[in-house]
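Student: I'd like to ask some things about the structure below.
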Amino acid sequence: MSSVEHPIGLTSAQIDHLQQQAIAVAHHAYAPYSNFRVGAAVLLTDGTIVTGCNVENASYRLTTCAEQTAIAAAVALRGPGIRIRAIAVANLNATASQPCGACRQTIHEFSSPDTIVFYPAERGARAEATMAQLLPAAFLL
Ligand code: THU
């Protein structure tokens with residue numbers, strides 16, 4: 001198992017583990033309408049990993065994405081002070097997929113500019129981007 005250091009101080013083994021957690025929880029997705037099963041694993045700055053999957057609804061716009069579900073679970077578990085170090089997103093459709101715009105804003109709420117997002121790229125590869133790259137002009141209050 002490799003232990004190469006990532007720029008944000010995660011080893012490749014830690015990143016692989018986060019991605020495996022995202023894949024595992026994607027099997028719990030409730031996605032009867034799209035059949036696009038997504039999982040997200042959030043690594044908090046305290047080291048906790050919290051997972052979530054997409055939960056669809058017959059009233060389509062009420063669907064919650066995997067990233068949103070994971071972040072809501074993390075807040076429920078650890079409280080409003082959570083901060084996200086990294087998040088891995090996976091789907092069971094072998095499809096390249098970046099977090100949607102709404103999820104970027106949701107992740108941003110608990111992130112710093114160097115929070116890193118891992119997501120599926122073409123041909124099973126893993127892509128990554130910082131929140132500063134994914135949402136450079138986030139809405140703020
Ligand atoms: N979905 C996610 O869970 N996360 C994303 O970043 C993109 C989309 C879900 C929502 C919906 O249940 C299905 O994927 C198809 O859009």
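Quick note on naming: the chains in the structure tokens go A, B, ... in the order shown, residues restart at 1 in each chain, and ligands are numbered from 1 in order of appearance.
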Residues of chain A that approach ligand 1 to 9 Å or less, counting only C-alpha atoms and all ligand atoms: could you list each one with the shortest pair of atoms and its distance in Å to one decimal, rows by chain and increasing residue number, as JSON lines?

Tutor:
{"residue": "A:Ala29", "atom": "CA", "partner": "ligand 1", "partner_atom_place_in_ligand_line": "12 (O)", "distance": 8.3}
{"residue": "A:Tyr30", "atom": "CA", "partner": "ligand 1", "partner_atom_place_in_ligand_line": "12 (O)", "distance": 7.7}
{"residue": "A:Ala31", "atom": "CA", "partner": "ligand 1", "partner_atom_place_in_ligand_line": "12 (O)", "distance": 5.6}
{"residue": "A:Pro32", "atom": "CA", "partner": "ligand 1", "partner_atom_place_in_ligand_line": "12 (O)", "distance": 8.6}
{"residue": "A:Tyr33", "atom": "CA", "partner": "ligand 1", "partner_atom_place_in_ligand_line": "12 (O)", "distance": 7.6}
{"residue": "A:Ser34", "atom": "CA", "partner": "ligand 1", "partner_atom_place_in_ligand_line": "15 (C)", "distance": 5.4}
{"residue": "A:Asn35", "atom": "CA", "partner": "ligand 1", "partner_atom_place_in_ligand_line": "13 (C)", "distance": 7.3}
{"residue": "A:Phe36", "atom": "CA", "partner": "ligand 1", "partner_atom_place_in_ligand_line": "13 (C)", "distance": 5.0}
{"residue": "A:Arg37", "atom": "CA", "partner": "ligand 1", "partner_atom_place_in_ligand_line": "14 (O)", "distance": 6.4}
{"residue": "A:Val38", "atom": "CA", "partner": "ligand 1", "partner_atom_place_in_ligand_line": "3 (O)", "distance": 4.9}
{"residue": "A:Gly39", "atom": "CA", "partner": "ligand 1", "partner_atom_place_in_ligand_line": "3 (O)", "distance": 6.8}
{"residue": "A:Ala40", "atom": "CA", "partner": "ligand 1", "partner_atom_place_in_ligand_line": "3 (O)", "distance": 7.9}
{"residue": "A:Gly52", "atom": "CA", "partner": "ligand 1", "partner_atom_place_in_ligand_line": "3 (O)", "distance": 8.9}
{"residue": "A:Cys53", "atom": "CA", "partner": "ligand 1", "partner_atom_place_in_ligand_line": "3 (O)", "distance": 6.4}
{"residue": "A:Asn54", "atom": "CA", "partner": "ligand 1", "partner_atom_place_in_ligand_line": "3 (O)", "distance": 4.4}
{"residue": "A:Val55", "atom": "CA", "partner": "ligand 1", "partner_atom_place_in_ligand_line": "12 (O)", "distance": 6.2}
{"residue": "A:Glu56", "atom": "CA", "partner": "ligand 1", "partner_atom_place_in_ligand_line": "12 (O)", "distance": 5.1}
{"residue": "A:Asn57", "atom": "CA", "partner": "ligand 1", "partner_atom_place_in_ligand_line": "12 (O)", "distance": 8.4}
{"residue": "A:Tyr60", "atom": "CA", "partner": "ligand 1", "partner_atom_place_in_ligand_line": "12 (O)", "distance": 8.5}
{"residue": "A:Thr63", "atom": "CA", "partner": "ligand 1", "partner_atom_place_in_ligand_line": "12 (O)", "distance": 5.9}
{"residue": "A:Thr64", "atom": "CA", "partner": "ligand 1", "partner_atom_place_in_ligand_line": "10 (C)", "distance": 6.3}
{"residue": "A:Cys65", "atom": "CA", "partner": "ligand 1", "partner_atom_place_in_ligand_line": "3 (O)", "distance": 3.2}
{"residue": "A:Ala66", "atom": "CA", "partner": "ligand 1", "partner_atom_place_in_ligand_line": "3 (O)", "distance": 3.9}
{"residue": "A:Glu67", "atom": "CA", "partner": "ligand 1", "partner_atom_place_in_ligand_line": "4 (N)", "distance": 6.0}
{"residue": "A:Gln68", "atom": "CA", "partner": "ligand 1", "partner_atom_place_in_ligand_line": "3 (O)", "distance": 7.8}
{"residue": "A:Thr69", "atom": "CA", "partner": "ligand 1", "partner_atom_place_in_ligand_line": "3 (O)", "distance": 8.4}
{"residue": "A:Val89", "atom": "CA", "partner": "ligand 1", "partner_atom_place_in_ligand_line": "6 (O)", "distance": 7.5}
{"residue": "A:Ala90", "atom": "CA", "partner": "ligand 1", "partner_atom_place_in_ligand_line": "4 (N)", "distance": 8.7}
{"residue": "A:Asn91", "atom": "CA", "partner": "ligand 1", "partner_atom_place_in_ligand_line": "3 (O)", "distance": 8.4}
{"residue": "A:Ser97", "atom": "CA", "partner": "ligand 1", "partner_atom_place_in_ligand_line": "7 (C)", "distance": 7.0}
{"residue": "A:Gln98", "atom": "CA", "partner": "ligand 1", "partner_atom_place_in_ligand_line": "6 (O)", "distance": 5.9}
{"residue": "A:Pro99", "atom": "CA", "partner": "ligand 1", "partner_atom_place_in_ligand_line": "6 (O)", "distance": 3.4}
{"residue": "A:Cys100", "atom": "CA", "partner": "ligand 1", "partner_atom_place_in_ligand_line": "6 (O)", "distance": 4.4}
{"residue": "A:Gly101", "atom": "CA", "partner": "ligand 1", "partner_atom_place_in_ligand_line": "6 (O)", "distance": 7.8}
{"residue": "A:Ala102", "atom": "CA", "partner": "ligand 1", "partner_atom_place_in_ligand_line": "6 (O)", "distance": 8.2}
{"residue": "A:Cys103", "atom": "CA", "partner": "ligand 1", "partner_atom_place_in_ligand_line": "6 (O)", "distance": 6.1}
{"residue": "A:Arg104", "atom": "CA", "partner": "ligand 1", "partner_atom_place_in_ligand_line": "6 (O)", "distance": 8.2}
{"residue": "A:Tyr119", "atom": "CA", "partner": "ligand 1", "partner_atom_place_in_ligand_line": "6 (O)", "distance": 9.0}

Student: Within range 48-125 of chain A, find each residue whose DSSP state, derived from the backbone, is strand (DSSP E), and express the selection as number ranges by chain.

Tutor: A: 49-53, 84-91, 116-120

Student: Please produce an output containing all heavy atoms for each residue in the selection, written as a CSV table (one decimal), in the first residue's frame.

Tutor:
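Dumped everything to out_13.csv:
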chain,number,residue,atom,x,y,z
A,49,ILE,N,-14.7,10.5,9.7
A,49,ILE,CA,-15.3,10.3,8.4
A,49,ILE,C,-16.8,10.1,8.5
A,49,ILE,O,-17.2,9.2,9.3
A,49,ILE,CB,-14.6,9.2,7.6
A,49,ILE,CG1,-13.2,9.5,7.4
A,49,ILE,CG2,-15.4,8.9,6.3
A,49,ILE,CD1,-12.4,8.3,6.8
A,50,VAL,N,-17.6,10.9,7.8
A,50,VAL,CA,-19.0,10.7,7.8
A,50,VAL,C,-19.5,10.5,6.4
A,50,VAL,O,-19.0,11.2,5.5
A,50,VAL,CB,-19.7,12.0,8.4
A,50,VAL,CG1,-21.2,11.7,8.6
A,50,VAL,CG2,-19.1,12.3,9.8
A,51,THR,N,-20.4,9.6,6.2
A,51,THR,CA,-20.8,9.3,4.8
A,51,THR,C,-22.3,9.6,4.6
A,51,THR,O,-23.1,9.8,5.5
A,51,THR,CB,-20.6,7.8,4.5
A,51,THR,OG1,-21.4,7.0,5.4
A,51,THR,CG2,-19.2,7.4,4.6
A,52,GLY,N,-22.7,9.7,3.3
A,52,GLY,CA,-24.1,9.9,2.9
A,52,GLY,C,-24.3,9.5,1.5
A,52,GLY,O,-23.3,9.4,0.7
A,53,CYS,N,-25.5,9.3,1.1
A,53,CYS,CA,-25.9,8.9,-0.2
A,53,CYS,C,-27.0,9.8,-0.7
A,53,CYS,O,-27.7,10.5,0.1
A,53,CYS,CB,-26.3,7.4,-0.3
A,53,CYS,SG,-27.6,7.0,0.8
A,84,ILE,N,-14.5,20.8,7.0
A,84,ILE,CA,-14.2,19.7,6.1
A,84,ILE,C,-12.8,19.8,5.6
A,84,ILE,O,-12.4,20.9,5.0
A,84,ILE,CB,-15.2,19.7,4.9
A,84,ILE,CG1,-16.7,19.5,5.5
A,84,ILE,CG2,-14.9,18.6,3.9
A,84,ILE,CD1,-17.7,19.6,4.4
A,85,ARG,N,-12.0,18.7,5.7
A,85,ARG,CA,-10.7,18.7,5.2
A,85,ARG,C,-10.7,18.2,3.7
A,85,ARG,O,-10.0,18.7,2.9
A,85,ARG,CB,-9.8,17.8,6.1
A,85,ARG,CG,-8.4,17.8,5.7
A,85,ARG,CD,-7.6,17.1,6.8
A,85,ARG,NE,-6.2,16.9,6.5
A,85,ARG,CZ,-5.4,16.0,6.9
A,85,ARG,NH1,-5.9,15.1,7.8
A,85,ARG,NH2,-4.2,15.9,6.6
A,86,ALA,N,-11.5,17.2,3.5
A,86,ALA,CA,-11.6,16.6,2.2
A,86,ALA,C,-12.9,15.8,2.1
A,86,ALA,O,-13.6,15.5,3.1
A,86,ALA,CB,-10.4,15.6,2.0
A,87,ILE,N,-13.3,15.7,0.8
A,87,ILE,CA,-14.6,14.9,0.6
A,87,ILE,C,-14.4,14.1,-0.7
A,87,ILE,O,-13.8,14.6,-1.7
A,87,ILE,CB,-15.8,15.9,0.5
A,87,ILE,CG1,-17.1,15.1,0.1
A,87,ILE,CG2,-15.6,17.0,-0.5
A,87,ILE,CD1,-18.3,15.9,0.3
A,88,ALA,N,-14.8,12.8,-0.6
A,88,ALA,CA,-14.7,12.0,-1.8
A,88,ALA,C,-16.1,11.6,-2.2
A,88,ALA,O,-17.0,11.4,-1.4
A,88,ALA,CB,-13.9,10.7,-1.5
A,89,VAL,N,-16.3,11.7,-3.5
A,89,VAL,CA,-17.6,11.4,-4.1
A,89,VAL,C,-17.4,10.2,-5.1
A,89,VAL,O,-16.4,10.2,-5.8
A,89,VAL,CB,-18.2,12.6,-4.9
A,89,VAL,CG1,-19.6,12.4,-5.4
A,89,VAL,CG2,-18.2,13.9,-4.0
A,90,ALA,N,-18.4,9.3,-5.1
A,90,ALA,CA,-18.3,8.1,-6.0
A,90,ALA,C,-19.7,7.8,-6.5
A,90,ALA,O,-20.7,8.2,-5.9
A,90,ALA,CB,-17.8,6.9,-5.2
A,91,ASN,N,-19.7,7.2,-7.7
A,91,ASN,CA,-21.0,6.6,-8.1
A,91,ASN,C,-20.8,5.2,-8.6
A,91,ASN,O,-19.7,4.8,-8.9
A,91,ASN,CB,-21.7,7.5,-9.2
A,91,ASN,CG,-20.8,7.6,-10.5
A,91,ASN,OD1,-20.8,6.6,-11.2
A,91,ASN,ND2,-20.2,8.7,-10.8
A,116,ILE,N,-10.2,19.8,-0.2
A,116,ILE,CA,-10.0,19.1,-1.5
A,116,ILE,C,-11.2,18.1,-1.7
A,116,ILE,O,-11.7,17.5,-0.8
A,116,ILE,CB,-8.7,18.4,-1.6
A,116,ILE,CG1,-8.3,18.0,-3.0
A,116,ILE,CG2,-8.6,17.2,-0.6
A,116,ILE,CD1,-7.0,18.4,-3.4
A,117,VAL,N,-11.6,18.1,-3.0
A,117,VAL,CA,-12.8,17.3,-3.4
A,117,VAL,C,-12.2,16.2,-4.4
A,117,VAL,O,-11.6,16.6,-5.4
A,117,VAL,CB,-13.9,18.1,-4.0
A,117,VAL,CG1,-15.1,17.2,-4.4
A,117,VAL,CG2,-14.3,19.2,-3.1
A,118,PHE,N,-12.5,15.0,-4.1
A,118,PHE,CA,-12.1,13.9,-5.0
A,118,PHE,C,-13.4,13.4,-5.7
A,118,PHE,O,-14.4,13.2,-5.0
A,118,PHE,CB,-11.4,12.7,-4.3
A,118,PHE,CG,-10.2,13.1,-3.5
A,118,PHE,CD1,-10.2,13.5,-2.2
A,118,PHE,CD2,-9.0,13.2,-4.2
A,118,PHE,CE1,-9.1,13.8,-1.5
A,118,PHE,CE2,-7.8,13.6,-3.5
A,118,PHE,CZ,-7.9,13.9,-2.2
A,119,TYR,N,-13.3,13.2,-7.0
A,119,TYR,CA,-14.5,12.8,-7.7
A,119,TYR,C,-14.1,12.0,-8.9
A,119,TYR,O,-13.0,12.0,-9.4
A,119,TYR,CB,-15.4,14.1,-8.1
A,119,TYR,CG,-14.6,15.1,-8.9
A,119,TYR,CD1,-14.5,15.0,-10.3
A,119,TYR,CD2,-13.9,16.1,-8.3
A,119,TYR,CE1,-13.8,16.0,-11.1
A,119,TYR,CE2,-13.2,17.1,-9.0
A,119,TYR,CZ,-13.2,17.0,-10.4
A,119,TYR,OH,-12.5,17.9,-11.1
A,120,PRO,N,-15.1,11.2,-9.5
A,120,PRO,CA,-14.8,10.3,-10.5
A,120,PRO,C,-14.5,11.0,-11.9
A,120,PRO,O,-15.3,11.9,-12.3
A,120,PRO,CB,-16.1,9.4,-10.7
A,120,PRO,CG,-16.9,9.7,-9.4
A,120,PRO,CD,-16.5,11.1,-9.0

Student: Extract the full set of alpha helix (DSSP H) residues from range 46-139 of chain A according to DSSP on the backbone, and format it as a list in words.

Tutor: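 Restricting range 46-139 of chain A to alpha helix (DSSP H) produces Ala66, Glu67, Gln68, Thr69, Ala70, Ile71, Ala72, Ala73, Ala74, Val75, Ala76, Leu77, Arg78, Gly101, Ala102, Cys103, Arg104, Gln105, Thr106, Ile107, His108, Met131, Ala132, Gln133 and Leu134 of chain A.
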
Student: One decimal, Å: what's the distance from CA of Phe110 in chain A over to CA of Arg83 in chain A, could you say?

Tutor: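 Atom-to-atom, CA of Phe110 in chain A and CA of Arg83 in chain A are spaced 5.0 Å apart.
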
Student: Report, in Å to a single decimal, how far apart CA of Thr106 in chain A and CA of Ile71 in chain A are.

Tutor: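 For CA of Ile71 in chain A relative to CA of Thr106 in chain A, the distance reads 8.0 Å.
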
Student: Grab the CA of Gln133 in chain A to CA of Ala41 in chain A distance for me, in Å with one decimal place.

Tutor: 19.6 Å

Student: For Leu135 in chain A, work out the shell of residues within 8 Å, counting only C-alpha atoms and skipping chain neighbours fewer than 3 positions away, then give it as number ranges by chain.

Tutor: A: 104-105, 108, 131-132, 138

Student: Pick the closest to Ala70 in chain A from A:Ala96, A:Val42, A:Ala58, A:Ala13: which is it, counting only C-alpha atoms?

Tutor: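 Once distances to Ala70 in chain A are computed over only C-alpha atoms, the minimum belongs to A:Val42.
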
Student: Could you tell me which of A:Ile8, A:Ile82, A:Leu43, A:Ala94 comes closest to Ile23 in chain A if we count only C-alpha atoms?

Tutor: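 Answer, going by the shortest atom-to-atom distance: A:Ala94.
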